[in-house]
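S.K.: Input upload-v9.tsv, format and content: TSV, C-alpha atoms and all ligand atoms.
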```tsv
chain	number	residue	atom	x	y	z
A	14	MET	CA	64.59	-8.00	29.98
A	15	ARG	CA	61.55	-5.81	29.95
A	16	ASN	CA	61.94	-2.12	29.31
A	17	THR	CA	58.64	-1.00	30.82
A	18	ASN	CA	58.12	-0.10	34.43
A	19	THR	CA	57.49	-2.70	37.06
A	20	GLY	CA	57.06	-2.83	40.79
A	21	ILE	CA	54.72	-1.44	43.40
A	22	ASP	CA	55.26	2.25	42.62
A	23	TYR	CA	54.30	1.69	39.00
A	24	LEU	CA	51.12	-0.12	40.08
A	25	LEU	CA	50.13	2.60	42.54
A	26	ASP	CA	50.70	5.25	39.89
A	27	LEU	CA	48.63	3.28	37.37
A	28	ASN	CA	45.83	2.98	39.92
A	29	THR	CA	45.92	6.71	40.71
A	30	ARG	CA	45.59	7.59	37.04
A	31	HIS	CA	42.74	5.13	36.50
A	32	SER	CA	40.93	6.29	39.60
A	33	GLN	CA	41.17	9.91	38.47
A	34	ALA	CA	39.76	9.01	35.05
A	35	PHE	CA	36.98	7.02	36.73
A	36	MET	CA	36.01	9.93	39.00
A	37	ASP	CA	36.20	12.44	36.14
A	38	LEU	CA	33.50	10.38	34.41
A	39	ALA	CA	31.07	10.39	37.38
A	40	THR	CA	28.73	12.97	35.83
A	41	GLU	CA	28.80	11.25	32.47
A	42	ARG	CA	28.03	7.91	34.17
A	43	ARG	CA	25.05	9.40	36.02
A	44	ARG	CA	23.67	10.92	32.84
A	45	TYR	CA	24.15	7.66	30.97
A	46	ARG	CA	22.53	5.57	33.72
A	47	GLY	CA	19.50	7.86	33.62
A	48	GLU	CA	19.08	7.10	29.94
A	49	HIS	CA	20.18	3.47	30.01
A	50	PRO	CA	19.33	1.94	33.39
A	51	THR	CA	20.08	-1.73	32.61
A	52	GLU	CA	22.86	-3.08	34.83
A	53	ILE	CA	25.55	-4.69	32.73
A	54	ALA	CA	28.12	-7.30	33.75
A	55	ALA	CA	30.79	-9.06	31.72
A	56	LEU	CA	32.21	-12.46	32.59
A	57	LYS	CA	35.60	-12.60	30.96
A	58	CYS	CA	39.12	-13.92	30.90
A	59	MET	CA	41.78	-12.11	32.92
A	60	ASP	CA	43.65	-11.37	29.66
A	61	GLY	CA	44.61	-7.68	29.76
A	62	ARG	CA	43.50	-7.05	26.16
A	63	LEU	CA	39.81	-7.49	26.96
A	64	HIS	CA	39.00	-3.91	27.87
A	65	LEU	CA	35.27	-3.64	27.14
A	66	PRO	CA	34.83	0.06	28.04
A	67	VAL	CA	37.41	0.90	25.36
A	68	MET	CA	35.94	-1.59	22.88
A	69	THR	CA	32.39	-0.28	23.33
A	70	GLN	CA	33.37	3.37	23.85
A	71	SER	CA	31.40	3.42	27.09
A	72	ALA	CA	32.29	5.24	30.30
A	73	LEU	CA	34.37	3.32	32.86
A	74	GLY	CA	32.12	1.68	35.43
A	75	ILE	CA	29.10	1.07	33.18
A	76	ILE	CA	30.14	-2.54	32.60
A	77	GLN	CA	30.90	-4.49	35.77
A	78	PRO	CA	33.68	-6.99	35.05
A	79	PHE	CA	34.11	-10.44	36.59
A	80	ARG	CA	37.47	-11.90	35.58
A	81	ASN	CA	38.98	-15.33	35.87
A	82	LEU	CA	41.47	-17.46	33.98
A	83	GLY	CA	39.91	-18.30	30.59
A	84	GLY	CA	36.68	-16.58	31.61
A	85	ILE	CA	35.75	-19.89	33.18
A	86	PHE	CA	32.94	-19.67	35.72
A	87	ASN	CA	30.26	-21.94	37.09
A	88	LEU	CA	27.09	-20.87	38.88
A	89	GLY	CA	27.68	-23.81	41.20
A	90	TRP	CA	30.78	-22.13	42.64
A	91	PRO	CA	29.63	-20.91	46.07
A	92	PHE	CA	31.40	-17.55	46.11
A	93	PHE	CA	30.63	-16.81	42.47
A	94	GLN	CA	26.92	-17.55	42.81
A	95	ALA	CA	26.78	-15.37	45.93
A	96	ALA	CA	28.46	-12.46	44.10
A	97	ILE	CA	26.17	-12.81	41.06
A	98	ASP	CA	23.03	-13.23	43.10
A	99	GLN	CA	23.87	-10.17	45.19
A	100	TRP	CA	24.38	-8.15	42.00
A	101	VAL	CA	21.09	-9.43	40.55
A	102	ASP	CA	19.22	-8.61	43.79
A	103	TYR	CA	20.69	-5.13	43.86
A	104	SER	CA	19.68	-4.51	40.23
A	105	ILE	CA	16.15	-5.86	40.62
A	106	SER	CA	15.61	-3.93	43.86
A	107	ARG	CA	16.25	-0.80	41.80
A	108	GLY	CA	13.86	-1.95	39.10
A	109	ARG	CA	16.62	-2.59	36.61
A	110	HIS	CA	17.24	-5.41	34.17
A	111	CYS	CA	20.53	-7.35	34.24
A	112	LEU	CA	22.43	-7.88	31.01
A	113	ILE	CA	25.31	-10.33	31.24
A	114	PHE	CA	27.94	-10.70	28.57
A	115	VAL	CA	29.16	-14.29	28.80
A	116	THR	CA	32.37	-14.00	26.83
A	117	TYR	CA	35.17	-15.98	25.25
A	118	HIS	CA	38.02	-14.52	23.23
A	119	PHE	CA	40.15	-15.21	20.17
A	120	ALA	CA	42.12	-13.42	17.45
A	121	ARG	CA	41.07	-13.72	13.82
A	122	GLY	CA	44.63	-13.46	12.48
A	123	ASP	CA	46.32	-16.18	14.54
A	124	THR	CA	45.03	-18.92	16.81
A	125	HIS	CA	48.00	-18.37	19.11
A	126	ARG	CA	46.84	-14.90	19.95
A	127	GLY	CA	43.73	-16.52	21.43
A	128	CYS	CA	43.02	-17.69	24.96
A	129	ARG	CA	45.79	-19.43	26.86
A	130	GLY	CA	43.25	-20.49	29.49
A	131	PHE	CA	41.78	-22.80	26.82
A	132	GLN	CA	45.11	-23.73	25.17
A	133	TYR	CA	44.01	-21.52	22.23
A	134	ASP	CA	41.03	-23.79	21.49
A	135	THR	CA	38.37	-21.25	20.50
A	136	ASP	CA	35.65	-23.86	19.97
A	137	ALA	CA	36.15	-25.16	23.51
A	138	ALA	CA	36.09	-21.60	24.88
A	139	LYS	CA	32.87	-20.86	22.97
A	140	ALA	CA	31.26	-24.12	24.14
A	141	ALA	CA	32.08	-23.22	27.75
A	142	ALA	CA	30.47	-19.80	27.28
A	143	ILE	CA	27.32	-21.39	25.83
A	144	ASN	CA	27.12	-23.78	28.80
A	145	LEU	CA	27.45	-20.95	31.26
A	146	LYS	CA	24.79	-18.92	29.44
A	147	ASN	CA	22.43	-21.91	29.60
A	148	GLN	CA	23.15	-22.21	33.31
A	149	PHE	CA	21.98	-18.60	33.76
A	150	ASP	CA	18.84	-19.31	31.73
A	151	SER	CA	17.97	-22.34	33.81
A	152	VAL	CA	18.51	-20.51	37.11
A	153	TYR	CA	16.94	-17.14	36.33
A	154	GLY	CA	14.51	-18.14	33.58
A	155	LYS	CA	14.44	-17.08	29.96
A	156	GLY	CA	12.78	-13.83	28.98
A	157	GLY	CA	12.90	-12.39	32.50
A	158	ALA	CA	14.91	-9.61	34.12
A	159	VAL	CA	18.23	-11.46	33.85
A	160	VAL	CA	19.46	-11.60	30.27
A	161	PRO	CA	22.68	-13.51	29.49
A	162	ILE	CA	24.15	-13.36	25.99
A	163	VAL	CA	27.13	-15.22	24.57
A	164	CYS	CA	29.64	-12.79	23.14
A	165	GLY	CA	32.97	-13.46	21.43
A	166	ILE	CA	35.71	-10.86	21.80
A	167	GLU	CA	38.02	-10.80	18.78
A	168	THR	CA	41.17	-8.99	19.83
A	169	ASP	CA	42.86	-8.13	16.50
A	170	LEU	CA	40.10	-5.65	15.65
A	171	ASP	CA	38.54	-5.48	19.14
A	172	ALA	CA	35.30	-6.72	17.55
A	173	LEU	CA	32.37	-8.24	19.43
A	174	ILE	CA	30.71	-11.35	18.00
A	175	LEU	CA	27.07	-11.56	19.10
A	176	HIS	CA	25.70	-15.08	19.31
A	177	GLY	CA	21.95	-15.37	18.92
A	178	ASP	CA	19.61	-17.84	20.57
A	179	ASP	CA	19.25	-19.90	17.38
A	180	GLY	CA	22.95	-20.45	16.73
A	181	ARG	CA	23.35	-17.51	14.36
A	182	SER	CA	26.04	-14.95	15.10
A	183	ILE	CA	26.92	-11.44	13.97
A	184	ASP	CA	30.53	-10.25	13.81
A	185	LEU	CA	30.40	-6.51	14.41
A	186	ALA	CA	33.55	-6.16	12.28
A	187	ASN	CA	31.21	-6.84	9.33
A	188	ALA	CA	28.46	-4.51	10.51
A	189	LYS	CA	27.98	-1.12	8.93
A	190	GLU	CA	27.12	2.15	10.61
A	191	SER	CA	23.39	1.64	10.98
A	192	SER	CA	20.32	3.55	12.01
A	193	GLN	CA	18.70	2.98	15.40
A	194	LEU	CA	15.89	1.12	13.68
A	195	GLU	CA	18.22	-1.24	11.82
A	196	LEU	CA	20.15	-2.05	15.00
A	197	GLU	CA	16.92	-2.69	16.89
A	198	GLU	CA	15.77	-5.06	14.16
A	199	MET	CA	19.10	-6.87	14.15
A	200	LEU	CA	18.95	-7.41	17.92
A	201	ARG	CA	15.28	-8.42	17.88
A	202	SER	CA	15.94	-11.10	15.30
A	203	LEU	CA	19.04	-12.32	17.15
A	204	TYR	CA	17.40	-12.25	20.61
A	205	PRO	CA	13.61	-12.72	20.24
A	206	SER	CA	13.03	-12.94	24.01
A	207	MET	CA	15.14	-9.92	24.96
A	208	PRO	CA	13.10	-7.20	26.73
A	209	GLU	CA	12.75	-3.86	24.88
A	210	ARG	CA	14.50	-2.03	27.67
A	211	VAL	CA	17.58	-4.23	27.36
A	212	ILE	CA	17.64	-3.87	23.56
A	213	ARG	CA	17.62	-0.08	23.93
A	214	ASP	CA	20.43	-0.25	26.49
A	215	LEU	CA	22.52	-2.69	24.46
A	216	ILE	CA	22.42	-0.54	21.32
A	217	PRO	CA	24.85	2.17	22.51
A	218	LEU	CA	27.47	-0.52	23.24
A	219	ILE	CA	26.97	-2.05	19.76
A	220	ARG	CA	27.19	1.35	18.14
A	221	GLY	CA	30.31	2.13	20.20
A	222	ASN	CA	31.95	-1.13	19.13
A	223	ILE	CA	31.21	-0.51	15.42
A	224	LYS	CA	32.80	2.95	15.73
A	225	HIS	CA	35.77	1.58	17.67
A	226	ILE	CA	36.43	-1.10	15.03
A	227	ALA	CA	36.38	1.57	12.31
A	228	GLU	CA	38.95	3.57	14.29
A	229	ILE	CA	41.20	0.53	14.78
A	230	ARG	CA	41.11	-0.01	11.00
A	231	THR	CA	41.81	3.65	10.22
A	232	THR	CA	44.76	3.91	12.59
A	233	ASN	CA	46.11	0.53	11.53
A	234	ARG	CA	46.81	-0.34	15.13
A	235	PRO	CA	49.70	-2.80	15.40
A	236	ILE	CA	48.58	-6.19	16.66
A	237	GLU	CA	49.40	-6.74	20.30
A	238	GLU	CA	51.11	-10.04	20.81
A	239	ALA	CA	50.18	-11.84	23.99
A	240	GLU	CA	53.56	-12.71	25.44
A	241	HIS	CA	54.47	-14.34	28.72
A	242	LYS	CA	55.70	-11.20	30.41
A	243	GLU	CA	53.36	-11.04	33.35
A	244	TRP	CA	54.99	-9.80	36.55
A	245	VAL	CA	51.94	-9.34	38.81
A	246	LEU	CA	49.90	-11.97	40.59
A	247	GLY	CA	46.61	-10.32	41.54
A	248	VAL	CA	44.38	-12.10	44.02
A	249	GLY	CA	40.92	-10.82	44.95
A	250	ARG	CA	38.61	-8.23	43.38
A	251	GLY	CA	38.60	-4.66	42.15
A	252	PHE	CA	41.25	-4.96	39.46
A	253	ASP	CA	39.50	-3.27	36.56
A	254	TRP	CA	42.21	-0.55	36.72
A	255	LEU	CA	44.81	-3.19	35.91
A	256	HIS	CA	44.02	-3.58	32.23
A	257	VAL	CA	47.51	-3.59	30.76
A	258	ILE	CA	48.51	-6.35	28.39
A	259	ASN	CA	51.13	-8.90	29.51
A	260	THR	CA	51.11	-7.57	33.05
A	261	ALA	CA	49.01	-9.55	35.47
A	262	PHE	CA	47.64	-12.95	36.28
A	263	ILE	CA	44.40	-12.26	38.11
A	264	VAL	CA	43.05	-15.03	40.26
A	265	GLY	CA	39.58	-15.52	41.67
A	266	PRO	CA	38.45	-15.32	44.35
A	267	PHE	CA	35.47	-17.04	42.67
A	268	ASP	CA	37.18	-20.28	41.76
A	269	PRO	CA	36.75	-22.85	44.56
A	270	ASN	CA	40.14	-24.29	43.60
A	271	LEU	CA	41.77	-21.01	44.53
A	272	SER	CA	44.96	-22.61	45.82
A	273	VAL	CA	45.50	-24.46	42.53
A	274	ALA	CA	44.93	-21.26	40.54
A	275	ILE	CA	47.45	-19.39	42.72
A	276	GLU	CA	50.00	-22.17	42.32
A	277	THR	CA	49.54	-22.20	38.52
A	278	ALA	CA	49.98	-18.43	38.28
A	279	ALA	CA	53.03	-18.56	40.57
A	280	ARG	CA	54.66	-21.20	38.37
A	281	LEU	CA	54.06	-19.08	35.28
A	282	LEU	CA	55.61	-16.05	37.01
A	283	LYS	CA	58.65	-18.08	38.04
A	284	ASN	CA	58.93	-19.32	34.49
A	285	ASN	CA	58.91	-15.73	33.21
A	286	ILE	CA	61.88	-14.99	35.49
A	287	ASP	CA	63.76	-18.16	34.52
A	288	GLU	CA	63.34	-17.43	30.82
A	289	GLY	CA	64.65	-13.90	31.33
A	290	ARG	CA	61.44	-12.28	30.12
A	291	ILE	CA	60.92	-10.13	33.20
A	292	ASP	CA	62.97	-8.37	35.83
A	293	ALA	CA	63.23	-10.73	38.81
A	294	ASP	CA	63.14	-7.84	41.26
A	295	GLY	CA	59.91	-6.35	39.96
A	296	VAL	CA	57.51	-9.20	40.71
A	297	VAL	CA	54.48	-8.23	42.81
A	298	LEU	CA	51.92	-10.21	44.78
A	299	LEU	CA	48.95	-7.85	44.80
A	300	THR	CA	45.85	-8.51	46.88
A	301	SER	CA	42.70	-6.43	47.00
A	302	GLY	CA	39.36	-6.53	48.76
A	303	VAL	CA	36.53	-4.21	47.69
A	304	TYR	CA	34.02	-2.00	49.51
A	305	ARG	CA	31.53	0.78	48.82
A	306	ASP	CA	30.69	2.07	52.25
A	307	GLU	CA	33.39	3.37	54.58
A	308	ALA	CA	31.06	3.56	57.55
A	309	GLY	CA	29.97	-0.05	57.93
A	310	PRO	CA	31.53	-3.44	58.53
A	311	GLU	CA	32.05	-3.89	54.77
A	312	TYR	CA	35.04	-1.55	54.97
A	313	HIS	CA	36.64	-3.55	57.78
A	314	LEU	CA	35.73	-6.86	56.20
A	315	SER	CA	37.53	-5.84	53.00
A	316	ARG	CA	40.70	-5.29	55.07
A	317	GLU	CA	40.42	-8.67	56.74
A	318	LYS	CA	39.81	-10.33	53.40
A	319	ALA	CA	42.79	-8.68	51.71
A	320	LEU	CA	45.13	-9.56	54.60
A	321	PHE	CA	43.88	-13.13	54.67
A	322	LEU	CA	44.19	-13.62	50.89
A	323	SER	CA	47.68	-12.15	50.89
A	324	LYS	CA	48.94	-14.54	53.60
A	325	PHE	CA	47.06	-17.42	52.01
A	326	ALA	CA	48.67	-16.77	48.61
A	327	LEU	CA	52.12	-16.26	50.12
A	328	ASN	CA	51.90	-19.54	52.02
A	329	ILE	CA	50.95	-21.43	48.87
A	330	ILE	CA	53.84	-19.85	46.99
A	331	LYS	CA	56.31	-20.66	49.79
A	332	ASP	CA	55.05	-24.20	49.86
A	333	LYS	CA	54.65	-24.96	46.14
A	334	VAL	CA	56.93	-22.53	44.29
A	335	PRO	CA	59.49	-21.61	46.99
A	336	ASP	CA	62.03	-20.19	44.53
A	337	LEU	CA	59.60	-17.42	43.63
A	338	ALA	CA	59.08	-16.23	47.22
A	339	PRO	CA	62.38	-14.31	47.63
A	340	HIS	CA	61.59	-12.22	44.54
A	341	LEU	CA	58.19	-11.06	45.69
A	342	GLN	CA	57.21	-7.55	46.55
A	343	ILE	CA	53.90	-7.59	48.38
A	344	LEU	CA	51.13	-5.04	48.09
A	345	THR	CA	47.95	-5.59	50.08
A	346	GLY	CA	45.10	-3.13	49.69
A	347	ARG	CA	41.41	-2.52	49.35
A	348	THR	CA	39.64	-0.84	46.47
A	349	ASN	CA	36.86	1.70	46.94
A	350	LEU	CA	34.31	0.81	44.26
A	351	ASN	CA	33.03	4.39	44.17
A	352	THR	CA	36.43	5.78	43.18
A	353	ARG	CA	38.40	2.68	42.11
A	354	LYS	CA	41.18	4.00	44.38
A	355	LEU	CA	43.38	1.34	45.96
A	356	GLU	CA	44.14	2.05	49.61
A	357	VAL	CA	47.39	0.49	50.78
A	358	ILE	CA	47.02	-1.73	53.85
A	359	GLU	CA	50.45	-3.34	53.82
A	360	ARG	CA	53.47	-3.00	51.61
A	361	VAL	CA	56.64	-5.03	51.53
A	362	GLY	CA	59.25	-3.94	48.99
B	1	ZN	ZN	42.07	-15.82	27.86
```
What is this file in C-alpha cells?
Ligand SMILES: [Zn+2]
M.R.:
Amino acid sequence: MRNTNTGIDYLLDLNTRHSQAFMDLATERRRYRGEHPTEIAALKCMDGRLHLPVMTQSALGIIQPFRNLGGIFNLGWPFFQAAIDQWVDYSISRGRHCLIFVTYHFARGDTHRGCRGFQYDTDAAKAAAINLKNQFDSVYGKGGAVVPIVCGIETDLDALILHGDDGRSIDLANAKESSQLELEEMLRSLYPSMPERVIRDLIPLIRGNIKHIAEIRTTNRPIEEAEHKEWVLGVGRGFDWLHVINTAFIVGPFDPNLSVAIETAARLLKNNIDEGRIDADGVVLLTSGVYRDEAGPEYHLSREKALFLSKFALNIIKDKVPDLAPHLQILTGRTNLNTRKLEVIERVG
C-alpha cells in the first residue's frame, strides 16, 4: 500500500500550491521574456520525472510542455498539428522564434529506469525523436523561425543530451561551467543553421542544466525508481502542475487513437490495484480543458471539452475495464493558463 496522499483533495491542494508558485514568478517571467523572447516548447513523455523547468533552472511557464505516452507525436495527427500550428502562429505574430525540444528519455544507470512507452528501448525512442524533428524541418523549413532540436533527457542526473544536425551529441553531464563565448561556440558548431537569437535564448537553459547537474551530484540525490504506482488518469491539457513521479498517466488529447490510450492507461491503473501497489479508493479520473480568456467562447468551450472528455473516458472504462469503474473518483475541471489554477466543474468522490 502506498503511504503518500491520494485522492481529489490531494490533487486540488497540489494544484493550488503549483498555481501560487506560478503566479509568484509572473514578474520574473516578464523580465526573462524581455531578455529572451524565443518561445520554447518541449515535446515529451508523460513520465513525471521529466520536469524541464527544474532541470534547466528556468521559471515555470517559460517552457510550454506537450506530453504524451513515450513522447510520441506525429505532425499528421489532426489535433496535434492544429495545436502546434496555433502556437507557431502566435509566436510569429509577436515576432518571436520558436524553439522546440523534441525529447526522448533514459537513465544512464539502468535501462529499466528508461521509458516504458518504448519498452525501455532508448535507441527506438531516439529514432522516433529524430523522425519527428525531421518532420518539423520538412514542414516549417530548416533555418527559419521554427527550430526543432533533438534532446535526450537522462533522469539519473537530470542531464540534457543535445543532438546536433550532423549526428554528434553533447551530454551536458560532461560539460564544464563555461563562458558565454564558449557556450555560443559549442551551440554554433552543433547547430550551424540556428538563428543567433535562438542561440542566445537557449544558452540560459544550458547554463541552468549544467548548474542543476552539479547540484544533483553535490547532494547525492537518491535515484528515483519509476514504479507502477500511478493512481491518476489525466485526460486533456493543462497538467504541467502534475509533475510528481509515479502519480499519473496523462493521455492526449493529441493522439487520434485516444480511446486506445485511455483503455491502456485504465488497464495499468487496474493492474496497480490488483497488485496491491495503490489504494483502491484513491484512484482519480481527472479531466481538464484549458483557456486564457474568461470573457470569450474559449472559456465556455473549455468546459464543454472537459465534460465531454470525462464522459468519453468514463464510457471507455465502463466498457473495456469495467472492474476499475467502481473505484473511480472523478474530477472534471478547466485550467486557466495565466494562473495554472484548476477550476472544478464537476466532482464525484
Ligand atoms: Zn517515458
S.K.: Could I get the residue neighbourhood of ligand ZN 1 (chain B) at 12 Å, counting all atoms listed in the file, as a compact mmCIF listing (two decimals) with C-alpha atoms, in the frame of the given file?
M.R.:
```
# COMPACT_ATOMS: atom_id res chain seq x y z
CA LEU A 56 32.21 -12.46 32.59
CA LYS A 57 35.60 -12.60 30.96
CA CYS A 58 39.12 -13.92 30.90
CA MET A 59 41.78 -12.11 32.92
CA ASP A 60 43.65 -11.37 29.66
CA GLY A 61 44.61 -7.68 29.76
CA ARG A 62 43.50 -7.05 26.16
CA LEU A 63 39.81 -7.49 26.96
CA ARG A 80 37.47 -11.90 35.58
CA ASN A 81 38.98 -15.33 35.87
CA LEU A 82 41.47 -17.46 33.98
CA GLY A 83 39.91 -18.30 30.59
CA GLY A 84 36.68 -16.58 31.61
CA ILE A 85 35.75 -19.89 33.18
CA THR A 116 32.37 -14.00 26.83
CA TYR A 117 35.17 -15.98 25.25
CA HIS A 118 38.02 -14.52 23.23
CA PHE A 119 40.15 -15.21 20.17
CA ALA A 120 42.12 -13.42 17.45
CA THR A 124 45.03 -18.92 16.81
CA HIS A 125 48.00 -18.37 19.11
CA ARG A 126 46.84 -14.90 19.95
CA GLY A 127 43.73 -16.52 21.43
CA CYS A 128 43.02 -17.69 24.96
CA ARG A 129 45.79 -19.43 26.86
CA GLY A 130 43.25 -20.49 29.49
CA PHE A 131 41.78 -22.80 26.82
CA GLN A 132 45.11 -23.73 25.17
CA TYR A 133 44.01 -21.52 22.23
CA ASP A 134 41.03 -23.79 21.49
CA THR A 135 38.37 -21.25 20.50
CA ALA A 137 36.15 -25.16 23.51
CA ALA A 138 36.09 -21.60 24.88
CA LYS A 139 32.87 -20.86 22.97
CA GLY A 165 32.97 -13.46 21.43
CA ILE A 166 35.71 -10.86 21.80
CA GLU A 167 38.02 -10.80 18.78
CA THR A 168 41.17 -8.99 19.83
CA ALA A 239 50.18 -11.84 23.99
CA ILE A 258 48.51 -6.35 28.39
CA ASN A 259 51.13 -8.90 29.51
CA PHE A 262 47.64 -12.95 36.28
CA ILE A 263 44.40 -12.26 38.11
```
S.K.: Enclose all atoms of stretch 45-48 of chain A listed in the file in an axis-aligned box, grow every side by 3 Å, and hand back centre and edge lengths in Å to one decimal, as JSON.
M.R.:
```
{"center_x": 21.6, "center_y": 6.7, "center_z": 31.8, "size_x": 11.1, "size_y": 8.3, "size_z": 9.8}
```
S.K.: So which one's closest to A:Gly180, A:Ser202, A:Asn351, A:Ser151, A:Ser104? Using only C-alpha atoms, please.
M.R.: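 Answer, going by the shortest atom-to-atom distance: A:Ser202.
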S.K.: With a distance cut-off of 10 Å and only C-alpha atoms, select the neighbouring residues of A:Arg220, excluding the residue or stretch itself and same-chain residues fewer than 5 positions from it, and output the selection as a PDB file with C-alpha atoms, in the coordinates of the input.
M.R.:
```pdb
ATOM      1  CA  THR A  69      32.390  -0.280  23.330  1.00  0.00           C
ATOM      2  CA  GLN A  70      33.370   3.370  23.850  1.00  0.00           C
ATOM      3  CA  LEU A 185      30.400  -6.510  14.410  1.00  0.00           C
ATOM      4  CA  ALA A 188      28.460  -4.510  10.510  1.00  0.00           C
ATOM      5  CA  LYS A 189      27.980  -1.120   8.930  1.00  0.00           C
ATOM      6  CA  GLU A 190      27.120   2.150  10.610  1.00  0.00           C
ATOM      7  CA  SER A 191      23.390   1.640  10.980  1.00  0.00           C
ATOM      8  CA  SER A 192      20.320   3.550  12.010  1.00  0.00           C
ATOM      9  CA  GLN A 193      18.700   2.980  15.400  1.00  0.00           C
ATOM     10  CA  LEU A 196      20.150  -2.050  15.000  1.00  0.00           C
ATOM     11  CA  LEU A 215      22.520  -2.690  24.460  1.00  0.00           C
ATOM     12  CA  HIS A 225      35.770   1.580  17.670  1.00  0.00           C
TER      13      HIS A 225
END
```
S.K.: Pick out the residues sitting within 12 Å of stretch 49-51 of chain A, and hand them over as a VMD selection string; count only C-alpha atoms, and ignore anything fewer than 2 positions along from it in its own chain.
M.R.: chain A and resid 41 to 47 53 to 54 71 75 to 77 101 103 to 105 107 to 113 158 to 160 208 to 218
S.K.: To one decimal in Å, tell me the separation between atom CA of A:His31 and atom CA of A:His256.
M.R.: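 Atom-to-atom, atom CA of A:His31 and atom CA of A:His256 are spaced 9.8 Å apart.
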S.K.: What does the structure give for the distance between atom CA of A:Leu203 and atom CA of A:Asp123, in Å to one decimal?
M.R.: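 Separation of atom CA of A:Leu203 and atom CA of A:Asp123: 27.7 Å.
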S.K.: Figure out the distance between atom CA of A:Ala279 and atom CA of A:Asp332, please, to one decimal in Å.
M.R.: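 Those two atoms sit 11.1 Å apart.
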S.K.: Which neighbours of stretch 313-329 of chain A fall inside 6 Å, counting only C-alpha atoms, when residues of the same chain fewer than 3 positions from it are skipped, and could you give them as a PyMOL selection string?
M.R.: chain A and resi 300-303+310+332-333
S.K.: Kindly export the residues of the current selection with C-alpha atoms, as a PDB file, in the coordinates of the input.
M.R.:
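Done, and the output landed in part-v7.pdb:
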```pdb
ATOM      1  CA  THR A 300      45.850  -8.510  46.880  1.00  0.00           C
ATOM      2  CA  SER A 301      42.700  -6.430  47.000  1.00  0.00           C
ATOM      3  CA  GLY A 302      39.360  -6.530  48.760  1.00  0.00           C
ATOM      4  CA  VAL A 303      36.530  -4.210  47.690  1.00  0.00           C
ATOM      5  CA  PRO A 310      31.530  -3.440  58.530  1.00  0.00           C
ATOM      6  CA  ASP A 332      55.050 -24.200  49.860  1.00  0.00           C
ATOM      7  CA  LYS A 333      54.650 -24.960  46.140  1.00  0.00           C
TER       8      LYS A 333
END
```
S.K.: Looking at A:Tyr23, A:Phe86, A:Phe35, A:Tyr153, which one is nearest to A:Leu350, with distances taken over all atoms listed in the file?
M.R.: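 When distances to A:Leu350 are compared using all atoms listed in the file, the smallest one comes from A:Phe35.
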S.K.: Restricting the calculation to all atoms listed in the file, which member of A:Ala227, A:Leu355, A:Leu281, A:Ala186 is positioned closest to A:Ala261?
M.R.: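 Among the listed residues, A:Leu281 lies closest to A:Ala261.
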S.K.: Looking at only C-alpha atoms, which of A:Asn233, A:Ser182, A:Ser206, A:Thr19 is the one that sits closest to A:Asp169?
M.R.: A:Asn233
S.K.: Quick one: everything within 12 Å of A:Asp287, counting only C-alpha atoms, minus sequence neighbours fewer than 5 positions away in the same chain. Send it as an MDAnalysis selection string.
M.R.: chainID A and resid 14 241:242 280:282 292:293 336:337 340
S.K.: Please list as a PyMOL selection string every residue within 12 Å of A:Arg353, counting only C-alpha atoms and excluding residues in the same chain fewer than 3 positions away.
M.R.: chain A and resi 25+27-39+73-74+250-255+301-305+346-350+356
S.K.: Check the smallest atom-to-atom distance from each of A:Glu52, A:Ile291, A:Glu197, A:Ala142 to A:Asp102 using all atoms listed in the file, then report the winner.
M.R.: A:Glu52
S.K.: Would you mind telling me which residue in A:Arg201, A:Leu246, A:Ser272, A:Val264 lies nearest to A:Ile21 when using all atoms listed in the file?
M.R.: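 Ranked by minimum distance to A:Ile21, first place goes to A:Leu246.
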